[in-house]
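Visitor: File upload09.csv follows (CSV, C-alpha atoms):
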chain,number,residue,atom,x,y,z
A,1,SER,CA,85.7,95.4,96.1
A,2,LEU,CA,88.3,96.8,98.5
A,3,ALA,CA,86.0,99.8,99.1
A,4,HIS,CA,83.6,97.6,101.0
A,5,LYS,CA,86.3,96.2,103.3
A,6,PRO,CA,87.5,98.9,105.6
A,7,LYS,CA,90.1,97.7,108.0
A,8,THR,CA,91.9,99.4,110.8
A,9,VAL,CA,95.5,99.9,109.8
A,10,VAL,CA,97.9,99.3,112.6
A,11,PRO,CA,100.7,101.6,111.4
A,12,VAL,CA,103.7,99.4,112.0
A,13,GLN,CA,106.4,101.3,110.2
A,14,ILE,CA,109.0,99.0,108.7
A,15,ASP,CA,112.3,99.5,106.9
A,16,SER,CA,112.1,99.4,103.1
A,17,ALA,CA,114.7,99.7,100.4
A,18,SER,CA,112.9,102.6,98.7
A,19,GLU,CA,112.3,105.0,101.7
A,20,THR,CA,115.7,106.7,101.6
A,21,ARG,CA,116.5,106.0,98.0
A,22,LEU,CA,113.5,106.8,95.8
A,23,ILE,CA,112.7,110.4,96.6
A,24,PRO,CA,110.0,112.4,94.7
A,25,ASN,CA,111.3,115.8,93.8
A,26,GLN,CA,108.9,118.5,92.8
A,27,GLY,CA,111.8,120.6,91.4
A,28,ALA,CA,113.6,117.8,89.5
A,29,PRO,CA,114.4,118.3,85.8
A,30,SER,CA,112.0,116.9,83.3
A,31,ASN,CA,114.4,114.1,82.5
A,32,ASP,CA,114.2,112.6,86.0
A,33,HIS,CA,113.4,108.9,85.7
A,34,LYS,CA,113.0,106.5,88.6
A,35,MET,CA,112.2,102.8,88.6
A,36,LEU,CA,111.3,100.3,91.4
A,37,ILE,CA,111.6,96.6,90.5
A,38,VAL,CA,110.3,94.1,93.0
A,39,VAL,CA,112.0,90.8,92.0
A,40,GLU,CA,109.9,87.7,92.6
A,41,SER,CA,111.6,85.2,95.0
A,42,TRP,CA,115.0,87.1,95.0
A,43,GLY,CA,116.6,86.0,98.3
A,44,VAL,CA,119.9,86.6,100.0
A,45,SER,CA,122.2,83.9,101.2
A,46,ASP,CA,125.2,83.5,103.5
A,47,ASN,CA,126.8,81.7,100.5
A,48,PRO,CA,128.4,84.5,98.4
A,49,LEU,CA,128.2,82.3,95.3
A,50,LEU,CA,124.4,82.3,95.4
A,51,ASN,CA,124.3,86.1,95.7
A,52,SER,CA,126.7,86.7,92.8
A,53,ILE,CA,125.4,84.3,90.1
A,54,PRO,CA,122.2,86.3,89.3
A,55,LEU,CA,124.2,89.5,88.8
A,56,ASN,CA,126.9,88.0,86.4
A,57,ARG,CA,125.7,90.0,83.4
A,58,LEU,CA,124.2,93.0,85.1
A,59,LEU,CA,127.3,94.3,86.9
A,60,VAL,CA,129.4,94.5,83.7
A,61,PRO,CA,131.6,97.3,82.3
A,62,SER,CA,128.9,98.5,79.9
A,63,VAL,CA,126.6,99.2,82.8
A,64,LEU,CA,129.1,100.2,85.4
A,65,GLN,CA,130.5,103.0,83.2
A,66,ARG,CA,127.0,104.6,83.2
A,67,TYR,CA,125.8,103.7,86.7
A,68,ASP,CA,127.1,103.6,90.3
A,69,VAL,CA,125.9,100.6,92.4
A,70,ASN,CA,124.8,100.4,96.0
A,71,ARG,CA,123.9,97.1,97.6
A,72,GLY,CA,122.3,96.0,100.9
A,73,ARG,CA,119.7,94.0,102.6
A,74,VAL,CA,116.2,94.9,104.0
A,75,PRO,CA,114.0,93.0,106.4
A,76,PHE,CA,110.9,91.2,104.9
A,77,SER,CA,107.8,89.5,106.2
A,78,GLY,CA,105.0,87.8,104.4
A,79,ALA,CA,104.4,87.2,100.7
A,80,THR,CA,104.6,89.3,97.5
A,81,THR,CA,101.9,91.8,98.3
A,82,SER,CA,103.5,92.4,101.7
A,83,GLY,CA,106.8,93.2,99.9
A,84,GLU,CA,104.9,95.6,97.7
A,85,MET,CA,103.2,97.4,100.6
A,86,ARG,CA,106.6,97.6,102.4
A,87,GLU,CA,108.2,99.3,99.4
A,88,PHE,CA,105.2,101.5,98.4
A,89,CYS,CA,104.1,102.6,101.9
A,90,GLY,CA,106.8,101.6,104.3
A,91,ILE,CA,104.3,99.8,106.4
A,92,ARG,CA,103.5,96.2,107.5
A,93,ALA,CA,100.0,95.9,106.2
A,94,SER,CA,97.8,94.0,103.8
A,95,PHE,CA,97.0,95.3,100.3
A,96,THR,CA,93.4,95.4,101.5
A,97,ASN,CA,94.4,98.4,103.7
A,98,ALA,CA,95.3,100.4,100.6
A,99,ILE,CA,92.1,102.4,100.6
A,100,GLU,CA,92.8,103.6,104.2
A,101,LEU,CA,96.4,104.3,103.6
A,102,GLY,CA,95.7,106.4,100.5
A,103,SER,CA,98.1,107.6,97.9
A,104,ALA,CA,99.4,110.5,99.9
A,105,ASN,CA,101.1,108.0,102.3
A,106,CYS,CA,102.5,105.8,99.6
A,107,LEU,CA,105.4,106.3,97.2
A,108,PRO,CA,103.5,106.2,93.8
A,109,GLY,CA,101.1,108.9,95.1
A,110,ARG,CA,103.9,111.1,96.3
A,111,PHE,CA,105.6,110.8,92.9
A,112,ALA,CA,102.3,111.7,91.2
A,113,SER,CA,101.9,114.7,93.4
A,114,ALA,CA,105.5,115.8,92.5
A,115,GLY,CA,104.6,115.8,88.8
A,116,TYR,CA,105.8,112.4,87.8
A,117,GLU,CA,103.8,110.1,85.5
A,118,THR,CA,103.3,106.9,87.4
A,119,TYR,CA,103.3,103.5,85.7
A,120,ALA,CA,102.9,99.9,87.0
A,121,PHE,CA,103.8,96.8,85.1
A,122,HIS,CA,103.1,93.1,86.0
A,123,GLY,CA,103.0,90.1,83.7
A,124,PHE,CA,100.1,88.3,85.4
A,125,ALA,CA,96.3,88.9,85.4
A,126,LYS,CA,95.0,92.3,86.6
A,127,ALA,CA,92.3,90.7,88.8
A,128,PHE,CA,94.8,88.5,90.7
A,129,LEU,CA,95.1,89.8,94.3
A,130,LYS,CA,92.9,92.7,93.1
A,131,ARG,CA,95.9,94.7,91.8
A,132,GLN,CA,93.8,96.6,89.3
A,133,GLU,CA,91.8,97.9,92.3
A,134,TRP,CA,94.5,98.8,94.8
A,135,PHE,CA,97.3,99.9,92.5
A,136,PRO,CA,95.4,103.2,91.7
A,137,LEU,CA,94.6,103.6,95.4
A,138,VAL,CA,98.4,103.9,96.2
A,139,GLY,CA,98.9,106.3,93.3
A,140,PHE,CA,99.5,104.5,90.0
A,141,GLU,CA,97.9,106.3,87.0
A,142,HIS,CA,98.9,103.9,84.2
A,143,LEU,CA,98.5,100.1,84.7
A,144,ASN,CA,99.9,97.4,82.4
A,145,PHE,CA,99.1,93.7,83.1
A,146,GLY,CA,99.9,90.5,81.3
A,147,ASP,CA,96.3,89.8,80.4
A,148,ASP,CA,96.2,93.1,78.5
A,149,THR,CA,98.4,91.6,75.8
A,150,SER,CA,98.6,88.6,73.5
A,151,GLU,CA,102.4,88.5,73.7
A,152,GLU,CA,104.3,85.2,74.3
A,153,LYS,CA,103.7,83.7,77.7
A,154,CYS,CA,106.4,82.4,80.1
A,155,GLY,CA,106.2,80.3,83.3
A,156,ILE,CA,104.5,77.2,84.5
A,157,VAL,CA,101.9,77.7,87.2
A,158,PHE,CA,101.9,81.5,87.1
A,159,ARG,CA,102.0,81.8,83.3
A,160,GLY,CA,102.1,85.4,82.1
A,161,GLU,CA,103.8,87.8,79.9
A,162,CYS,CA,107.6,87.2,79.7
A,163,ASP,CA,109.6,89.5,82.0
A,164,THR,CA,112.1,90.2,79.2
A,165,ASN,CA,109.2,91.4,77.0
A,166,ILE,CA,108.0,93.8,79.7
A,167,LEU,CA,111.5,95.2,80.0
A,168,SER,CA,111.5,96.0,76.3
A,169,LYS,CA,108.1,97.8,76.8
A,170,ILE,CA,109.6,99.8,79.6
A,171,ALA,CA,112.6,100.7,77.5
A,172,SER,CA,110.3,101.9,74.8
A,173,LEU,CA,108.3,103.9,77.3
A,174,MET,CA,111.4,105.6,78.6
A,175,ARG,CA,112.5,106.6,75.1
A,176,GLU,CA,109.0,108.1,74.5
A,177,ARG,CA,108.9,109.9,77.8
A,178,LYS,CA,112.5,110.9,78.1
A,179,ASN,CA,111.6,114.5,78.7
A,180,GLN,CA,108.8,113.8,81.2
A,181,LYS,CA,109.4,112.9,84.8
A,182,THR,CA,108.5,109.2,85.3
A,183,PHE,CA,108.2,106.7,88.1
A,184,VAL,CA,107.9,103.2,86.9
A,185,TYR,CA,107.1,100.2,89.1
A,186,TYR,CA,107.7,96.7,87.8
A,187,LEU,CA,106.8,93.4,89.6
A,188,THR,CA,108.5,90.5,87.9
A,189,LEU,CA,106.8,87.2,87.4
A,190,ASN,CA,108.8,84.5,85.7
A,191,THR,CA,110.9,83.5,88.7
A,192,HIS,CA,107.8,82.5,90.7
A,193,LEU,CA,108.2,79.0,92.1
A,194,PRO,CA,107.7,76.2,91.0
A,195,ASN,CA,109.7,76.4,87.9
A,196,SER,CA,111.6,73.9,85.6
A,197,PRO,CA,115.2,73.6,84.5
A,198,LYS,CA,114.1,73.7,80.9
A,199,LEU,CA,112.9,77.3,81.5
A,200,ALA,CA,116.4,78.4,82.5
A,201,ASN,CA,118.3,77.1,79.5
A,202,LYS,CA,118.9,80.5,78.0
A,203,SER,CA,121.2,81.5,80.9
A,204,PRO,CA,124.9,80.6,80.4
A,205,ALA,CA,125.5,80.8,84.1
A,206,SER,CA,127.5,77.9,85.6
A,207,CYS,CA,126.0,76.2,88.7
A,208,ASP,CA,129.3,74.6,89.9
A,209,GLY,CA,129.1,74.6,93.6
A,210,VAL,CA,125.4,75.4,93.8
A,211,PRO,CA,123.8,73.0,96.4
A,212,THR,CA,120.7,71.9,94.6
A,213,GLN,CA,119.2,71.8,91.1
A,214,GLU,CA,116.2,73.8,92.4
A,215,ILE,CA,118.5,76.7,93.5
A,216,CYS,CA,120.4,76.4,90.2
A,217,THR,CA,117.3,76.8,88.1
A,218,LEU,CA,116.1,79.9,90.1
A,219,LEU,CA,119.6,81.5,90.0
A,220,LYS,CA,119.7,81.0,86.2
A,221,LEU,CA,116.2,82.5,85.8
A,222,HIS,CA,117.2,85.5,87.9
A,223,GLU,CA,120.5,85.8,85.9
A,224,GLU,CA,118.6,85.9,82.6
A,225,PHE,CA,116.3,88.7,83.9
A,226,PHE,CA,119.1,90.8,85.3
A,227,ALA,CA,121.1,90.4,82.1
A,228,ALA,CA,118.1,91.7,80.1
A,229,LEU,CA,117.9,94.7,82.4
A,230,GLY,CA,121.7,95.2,82.0
A,231,ARG,CA,121.3,95.4,78.2
A,232,ILE,CA,118.7,98.1,78.6
A,233,LEU,CA,120.8,100.1,81.1
A,234,ALA,CA,123.7,99.9,78.7
A,235,ASP,CA,121.7,101.1,75.7
A,236,PRO,CA,122.5,104.7,74.9
A,237,THR,CA,119.1,105.2,73.4
A,238,VAL,CA,117.4,104.6,76.8
A,239,PRO,CA,117.6,107.7,79.0
A,240,PRO,CA,119.4,107.2,82.3
A,241,MET,CA,117.2,106.2,85.2
A,242,GLN,CA,117.7,105.5,88.9
A,243,VAL,CA,116.8,101.9,89.3
A,244,LEU,CA,116.1,100.2,92.7
A,245,LEU,CA,115.7,96.4,92.6
A,246,VAL,CA,114.6,94.5,95.8
A,247,GLY,CA,113.4,91.0,96.6
A,248,ASP,CA,109.8,90.5,97.7
A,249,HIS,CA,110.5,87.5,99.9
A,250,ALA,CA,112.9,84.5,100.2
A,251,PRO,CA,112.4,81.8,97.6
A,252,PRO,CA,109.8,79.5,99.1
A,253,PHE,CA,111.4,76.2,97.9
A,254,ALA,CA,109.4,73.0,98.7
A,255,ASP,CA,112.6,71.2,99.8
A,256,LEU,CA,114.3,72.2,103.1
A,257,LYS,CA,117.8,71.8,101.7
A,258,SER,CA,117.2,74.6,99.1
A,259,ARG,CA,115.2,76.7,101.5
A,260,LYS,CA,117.7,76.8,104.3
A,261,GLU,CA,120.3,78.4,102.0
A,262,PHE,CA,118.4,81.7,102.0
A,263,SER,CA,117.7,84.2,104.8
A,264,THR,CA,114.3,83.8,106.4
A,265,HIS,CA,114.1,87.5,107.4
A,266,GLU,CA,116.1,89.6,104.9
A,267,VAL,CA,116.1,90.2,101.1
A,268,PRO,CA,118.6,91.9,98.9
A,269,PHE,CA,118.4,95.3,97.2
A,270,LEU,CA,120.5,96.8,94.5
A,271,GLU,CA,120.4,100.4,93.5
A,272,LEU,CA,121.8,101.7,90.2
A,273,VAL,CA,122.4,105.5,90.1
A,274,PRO,CA,123.2,107.3,86.8
A,275,LYS,CA,126.7,108.8,86.9
Just give me the structure as structure tokens.

Guide:
Amino acid sequence: SLAHKPKTVVPVQIDSASETRLIPNQGAPSNDHKMLIVVESWGVSDNPLLNSIPLNRLLVPSVLQRYDVNRGRVPFSGATTSGEMREFCGIRASFTNAIELGSANCLPGRFASAGYETYAFHGFAKAFLKRQEWFPLVGFEHLNFGDDTSEEKCGIVFRGECDTNILSKIASLMRERKNQKTFVYYLTLNTHLPNSPKLANKSPASCDGVPTQEICTLLKLHEEFFAALGRILADPTVPPMQVLLVGDHAPPFADLKSRKEFSTHEVPFLELVPK
């Protein structure tokens, strides 16, 4: 267990998308809802087309009439858990350092201390990368993993609960807890590489001008996810919530032609703020 692996944390503070955007507020009204979504393999490109296709059905009038949008980039290093630690604790460290960092130094714990219910969702197995152990250490009270459900599975190598299904669960949670301050974290799964073109056939996005089939498949999978989020944000029965989406790392394509289209040191973020 993590408790038996104390490590010295070298507190390298690093920029995160969340540090200046997701602010726990003790005095916030009871309908204050905030959500952090770390999007698997969401990278940023110097080719504007590759950045715009995933957002085709998120940045639409039905969403934009309810939300203001802020976009930018943030530095990244390492793999998915490094991205999580960056956004939770603003530090370059391993998840095995979570016991030393403690919840007081990390965003979920600060939200819990400010009176927010804290929830974490991920479609894969709870034991993978010990998330069921270290998520509570950084401040999550309620954990929801893919192996807690018998719902339909998505993906190839990392098969788990479908991201669109988890979004529906989060929407139901927000309706139930509309008068309780909440902080929801969601790590997506279905855009994990490798994937297959047949998994992306629900997306109507055109790949005209996209350099490779591998990039096209990933963009369409991201587009499908963002569209599902857009439907929830446009739903008047779902209470407004500040949503911050950020990539964990660049897409680790096996082929160099695909990989070189994406930044090796930055990932995108997108913030939606209720009007």

Visitor: Go through segment 139-201 of chain A and flag each residue having an atom no more than 10 Å from segment 226-229 of chain A; for those, report the closest pair of atoms plus their distance in Å to one decimal, using all atoms listed in the file, ordered by chain and rising number, as CSV.

Guide:
residue,atom,partner,partner_atom,distance
A:Asp163,CA,A:Ala228,CA,9.0
A:Thr164,CA,A:Ala228,CA,6.2
A:Asn165,CA,A:Ala228,CA,9.4
A:Leu167,CA,A:Leu229,CA,6.9
A:Ser168,CA,A:Ala228,CA,8.7
A:Ala171,CA,A:Leu229,CA,9.4

Visitor: Nearest to Val63 of chain A among A:Met35, A:Ile232, A:Pro239, A:Ala254, with distances taken over only C-alpha atoms: which residue is it?

Guide: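 Looking only at the distances to Val63 of chain A, the closest residue turns out to be A:Ile232.
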
Visitor: Identify which of the residues A:Ile215, A:Ala79, A:Val273, A:Leu189 lies closest to Gly155 of chain A, counting all atoms listed in the file when measuring atom-to-atom distances.

Guide: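 Of A:Ile215, A:Ala79, A:Val273, A:Leu189, the one nearest Gly155 of chain A is A:Leu189, counting all atoms listed in the file.
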
Visitor: Rank nothing, just name the residue among A:Lys130, A:Arg110, A:Lys220, A:His142 nearest to Ser203 of chain A, using all atoms listed in the file.

Guide: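 Result for the nearest residue to Ser203 of chain A: A:Lys220.
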
Visitor: Go through A:Gly43, A:Pro274, A:Gly115, A:Gly90 and flag the residue nearest Ser30 of chain A, using all atoms listed in the file for the distances.

Guide: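 Among the listed residues, the smallest separation from Ser30 of chain A belongs to A:Gly115.
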
Visitor: Can you work out which one of A:Arg131, A:Arg71, A:Arg259, A:Lys202 has the shortest atom-to-atom distance to Gly146 of chain A, counting all atoms listed in the file?

Guide: A:Arg131

Visitor: State, in Å with one decimal place, the distance from atom CA of Ser263 of chain A to atom CA of Ser45 of chain A.

Guide: 5.8 Å

Visitor: Using only C-alpha atoms, which of A:Lys178, A:Arg66, A:Lys34, A:Arg86 sits nearest Leu233 of chain A?

Guide: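 Closest to Leu233 of chain A, using only C-alpha atoms: A:Arg66.
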
Visitor: Around the point (111.0, 109.7, 81.2) in the file's coordinates, collect all residues with an atom within 10 Å, using all atoms listed in the file, and return them as a PyMOL selection string.

Guide: chain A and resi 30-34+116-117+171+173-184+238-241

Visitor: Identify the residues within 7 Å of coordinate (109.8, 93.4, 93.7) (same frame as the file), considering only C-alpha atoms, and give the answer as a list in words.

Guide: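 Here is the list of nearby residues: Ile37, Val38, Val39, Glu40, Gly83, Glu84, Leu187, Thr188, Leu245, Val246, Gly247 and Asp248 of chain A.
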
Visitor: Please provide the set of residues having any atom within 10 Å of Ala205 of chain A, restricted to only C-alpha atoms, with same-chain residues fewer than 3 positions apart removed, written as a ChimeraX atom specification.

Guide: /A:53-57,200-202,208,216-217,219-221,223-224

Visitor: Atom CA of Pro211 of chain A and atom CA of Ser258 of chain A are how many Å apart?

Guide: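 Between atom CA of Pro211 of chain A and atom CA of Ser258 of chain A the gap is 7.3 Å.
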
Visitor: As an exercise, work out the distance from atom CA of Cys162 of chain A to atom CA of Glu141 of chain A in Å and give it to one decimal place.

Guide: 22.6 Å

Visitor: Could you give me, as a list of chain:residue names, the residues within 12 Å of Gln65 of chain A, counting all atoms listed in the file and dropping anything in the same chain fewer than 2 positions from it?

Guide: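 Surrounding residues, per the criterion: A:Leu58, A:Leu59, A:Val60, A:Pro61, A:Ser62, A:Val63, A:Tyr67, A:Asp68, A:Val69, A:Gly230, A:Leu233, A:Ala234, A:Asp235, A:Pro236, A:Pro240, A:Leu272, A:Val273, A:Pro274, A:Lys275.
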
Visitor: Output as a PDB file, keeping the file's coordinate frame: segment 131-142 of chain A, completed with all heavy atoms.

Guide:
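This is the output file selection-v7.pdb:
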ATOM      1  N   ARG A 131      94.972  93.621  92.047  1.00  0.00           N
ATOM      2  CA  ARG A 131      95.900  94.700  91.800  1.00  0.00           C
ATOM      3  C   ARG A 131      95.318  95.852  90.992  1.00  0.00           C
ATOM      4  O   ARG A 131      95.682  97.011  91.177  1.00  0.00           O
ATOM      5  CB  ARG A 131      97.199  94.177  91.143  1.00  0.00           C
ATOM      6  CG  ARG A 131      98.104  93.421  92.109  1.00  0.00           C
ATOM      7  CD  ARG A 131      99.469  93.104  91.524  1.00  0.00           C
ATOM      8  NE  ARG A 131     100.335  92.525  92.537  1.00  0.00           N
ATOM      9  CZ  ARG A 131     100.501  91.204  92.695  1.00  0.00           C
ATOM     10  NH1 ARG A 131      99.859  90.347  91.910  1.00  0.00           N
ATOM     11  NH2 ARG A 131     101.298  90.754  93.646  1.00  0.00           N
ATOM     12  N   GLN A 132      94.378  95.515  90.083  1.00  0.00           N
ATOM     13  CA  GLN A 132      93.800  96.600  89.300  1.00  0.00           C
ATOM     14  C   GLN A 132      92.953  97.515  90.168  1.00  0.00           C
ATOM     15  O   GLN A 132      92.666  98.654  89.794  1.00  0.00           O
ATOM     16  CB  GLN A 132      92.982  96.033  88.106  1.00  0.00           C
ATOM     17  CG  GLN A 132      91.513  95.777  88.370  1.00  0.00           C
ATOM     18  CD  GLN A 132      91.255  94.484  89.155  1.00  0.00           C
ATOM     19  OE1 GLN A 132      92.164  93.889  89.705  1.00  0.00           O
ATOM     20  NE2 GLN A 132      90.003  94.061  89.185  1.00  0.00           N
ATOM     21  N   GLU A 133      92.544  97.050  91.366  1.00  0.00           N
ATOM     22  CA  GLU A 133      91.800  97.900  92.300  1.00  0.00           C
ATOM     23  C   GLU A 133      92.709  98.710  93.200  1.00  0.00           C
ATOM     24  O   GLU A 133      92.498  99.906  93.405  1.00  0.00           O
ATOM     25  CB  GLU A 133      90.871  97.029  93.172  1.00  0.00           C
ATOM     26  CG  GLU A 133      89.696  96.428  92.445  1.00  0.00           C
ATOM     27  CD  GLU A 133      88.780  95.693  93.422  1.00  0.00           C
ATOM     28  OE1 GLU A 133      88.546  96.216  94.529  1.00  0.00           O
ATOM     29  OE2 GLU A 133      88.315  94.597  93.080  1.00  0.00           O
ATOM     30  N   TRP A 134      93.714  98.062  93.775  1.00  0.00           N
ATOM     31  CA  TRP A 134      94.500  98.800  94.800  1.00  0.00           C
ATOM     32  C   TRP A 134      95.687  99.514  94.277  1.00  0.00           C
ATOM     33  O   TRP A 134      96.156 100.459  94.921  1.00  0.00           O
ATOM     34  CB  TRP A 134      94.814  97.870  95.985  1.00  0.00           C
ATOM     35  CG  TRP A 134      95.795  96.746  95.776  1.00  0.00           C
ATOM     36  CD1 TRP A 134      95.507  95.477  95.397  1.00  0.00           C
ATOM     37  CD2 TRP A 134      97.206  96.784  96.022  1.00  0.00           C
ATOM     38  NE1 TRP A 134      96.644  94.714  95.363  1.00  0.00           N
ATOM     39  CE2 TRP A 134      97.705  95.490  95.747  1.00  0.00           C
ATOM     40  CE3 TRP A 134      98.100  97.773  96.440  1.00  0.00           C
ATOM     41  CZ2 TRP A 134      99.056  95.161  95.866  1.00  0.00           C
ATOM     42  CZ3 TRP A 134      99.448  97.444  96.564  1.00  0.00           C
ATOM     43  CH2 TRP A 134      99.910  96.161  96.277  1.00  0.00           C
ATOM     44  N   PHE A 135      96.193  99.164  93.090  1.00  0.00           N
ATOM     45  CA  PHE A 135      97.300  99.900  92.500  1.00  0.00           C
ATOM     46  C   PHE A 135      96.917 101.424  92.347  1.00  0.00           C
ATOM     47  O   PHE A 135      97.679 102.311  92.728  1.00  0.00           O
ATOM     48  CB  PHE A 135      97.777  99.335  91.207  1.00  0.00           C
ATOM     49  CG  PHE A 135      98.842  98.270  91.368  1.00  0.00           C
ATOM     50  CD1 PHE A 135      99.081  97.652  92.583  1.00  0.00           C
ATOM     51  CD2 PHE A 135      99.621  97.886  90.279  1.00  0.00           C
ATOM     52  CE1 PHE A 135     100.069  96.674  92.720  1.00  0.00           C
ATOM     53  CE2 PHE A 135     100.612  96.916  90.402  1.00  0.00           C
ATOM     54  CZ  PHE A 135     100.824  96.307  91.626  1.00  0.00           C
ATOM     55  N   PRO A 136      95.734 101.738  91.784  1.00  0.00           N
ATOM     56  CA  PRO A 136      95.400 103.200  91.700  1.00  0.00           C
ATOM     57  C   PRO A 136      95.221 103.832  93.068  1.00  0.00           C
ATOM     58  O   PRO A 136      95.497 105.031  93.211  1.00  0.00           O
ATOM     59  CB  PRO A 136      94.033 103.141  90.945  1.00  0.00           C
ATOM     60  CG  PRO A 136      94.056 101.869  90.169  1.00  0.00           C
ATOM     61  CD  PRO A 136      94.774 100.892  91.049  1.00  0.00           C
ATOM     62  N   LEU A 137      94.819 103.064  94.085  1.00  0.00           N
ATOM     63  CA  LEU A 137      94.600 103.600  95.400  1.00  0.00           C
ATOM     64  C   LEU A 137      95.946 104.133  96.021  1.00  0.00           C
ATOM     65  O   LEU A 137      95.951 105.076  96.817  1.00  0.00           O
ATOM     66  CB  LEU A 137      93.976 102.634  96.364  1.00  0.00           C
ATOM     67  CG  LEU A 137      92.558 102.181  96.008  1.00  0.00           C
ATOM     68  CD1 LEU A 137      92.071 101.123  96.989  1.00  0.00           C
ATOM     69  CD2 LEU A 137      91.599 103.370  95.983  1.00  0.00           C
ATOM     70  N   VAL A 138      97.063 103.475  95.670  1.00  0.00           N
ATOM     71  CA  VAL A 138      98.400 103.900  96.200  1.00  0.00           C
ATOM     72  C   VAL A 138      99.041 104.922  95.278  1.00  0.00           C
ATOM     73  O   VAL A 138     100.121 105.414  95.604  1.00  0.00           O
ATOM     74  CB  VAL A 138      99.303 102.740  96.523  1.00  0.00           C
ATOM     75  CG1 VAL A 138      98.721 101.867  97.623  1.00  0.00           C
ATOM     76  CG2 VAL A 138      99.636 101.923  95.284  1.00  0.00           C
ATOM     77  N   GLY A 139      98.411 105.239  94.121  1.00  0.00           N
ATOM     78  CA  GLY A 139      98.900 106.300  93.300  1.00  0.00           C
ATOM     79  C   GLY A 139      99.337 106.043  91.891  1.00  0.00           C
ATOM     80  O   GLY A 139      99.877 106.916  91.212  1.00  0.00           O
ATOM     81  N   PHE A 140      99.071 104.835  91.382  1.00  0.00           N
ATOM     82  CA  PHE A 140      99.500 104.500  90.000  1.00  0.00           C
ATOM     83  C   PHE A 140      98.389 105.016  89.025  1.00  0.00           C
ATOM     84  O   PHE A 140      97.210 104.700  89.177  1.00  0.00           O
ATOM     85  CB  PHE A 140      99.704 103.038  89.807  1.00  0.00           C
ATOM     86  CG  PHE A 140     100.978 102.556  90.434  1.00  0.00           C
ATOM     87  CD1 PHE A 140     100.952 101.689  91.511  1.00  0.00           C
ATOM     88  CD2 PHE A 140     102.209 102.980  89.965  1.00  0.00           C
ATOM     89  CE1 PHE A 140     102.125 101.248  92.104  1.00  0.00           C
ATOM     90  CE2 PHE A 140     103.383 102.554  90.547  1.00  0.00           C
ATOM     91  CZ  PHE A 140     103.346 101.683  91.625  1.00  0.00           C
ATOM     92  N   GLU A 141      98.844 105.748  88.006  1.00  0.00           N
ATOM     93  CA  GLU A 141      97.900 106.300  87.000  1.00  0.00           C
ATOM     94  C   GLU A 141      97.784 105.374  85.788  1.00  0.00           C
ATOM     95  O   GLU A 141      96.726 105.298  85.179  1.00  0.00           O
ATOM     96  CB  GLU A 141      98.452 107.651  86.521  1.00  0.00           C
ATOM     97  CG  GLU A 141      98.621 108.670  87.628  1.00  0.00           C
ATOM     98  CD  GLU A 141      99.579 109.802  87.240  1.00  0.00           C
ATOM     99  OE1 GLU A 141     100.693 109.512  86.766  1.00  0.00           O
ATOM    100  OE2 GLU A 141      99.205 110.958  87.431  1.00  0.00           O
ATOM    101  N   HIS A 142      98.873 104.704  85.410  1.00  0.00           N
ATOM    102  CA  HIS A 142      98.900 103.900  84.200  1.00  0.00           C
ATOM    103  C   HIS A 142      99.230 102.443  84.582  1.00  0.00           C
ATOM    104  O   HIS A 142     100.288 102.188  85.150  1.00  0.00           O
ATOM    105  CB  HIS A 142      99.923 104.410  83.195  1.00  0.00           C
ATOM    106  CG  HIS A 142      99.757 105.862  82.857  1.00  0.00           C
ATOM    107  ND1 HIS A 142      98.863 106.316  81.922  1.00  0.00           N
ATOM    108  CD2 HIS A 142     100.372 106.964  83.358  1.00  0.00           C
ATOM    109  CE1 HIS A 142      98.932 107.644  81.846  1.00  0.00           C
ATOM    110  NE2 HIS A 142      99.844 108.049  82.708  1.00  0.00           N
TER     111      HIS A 142
END
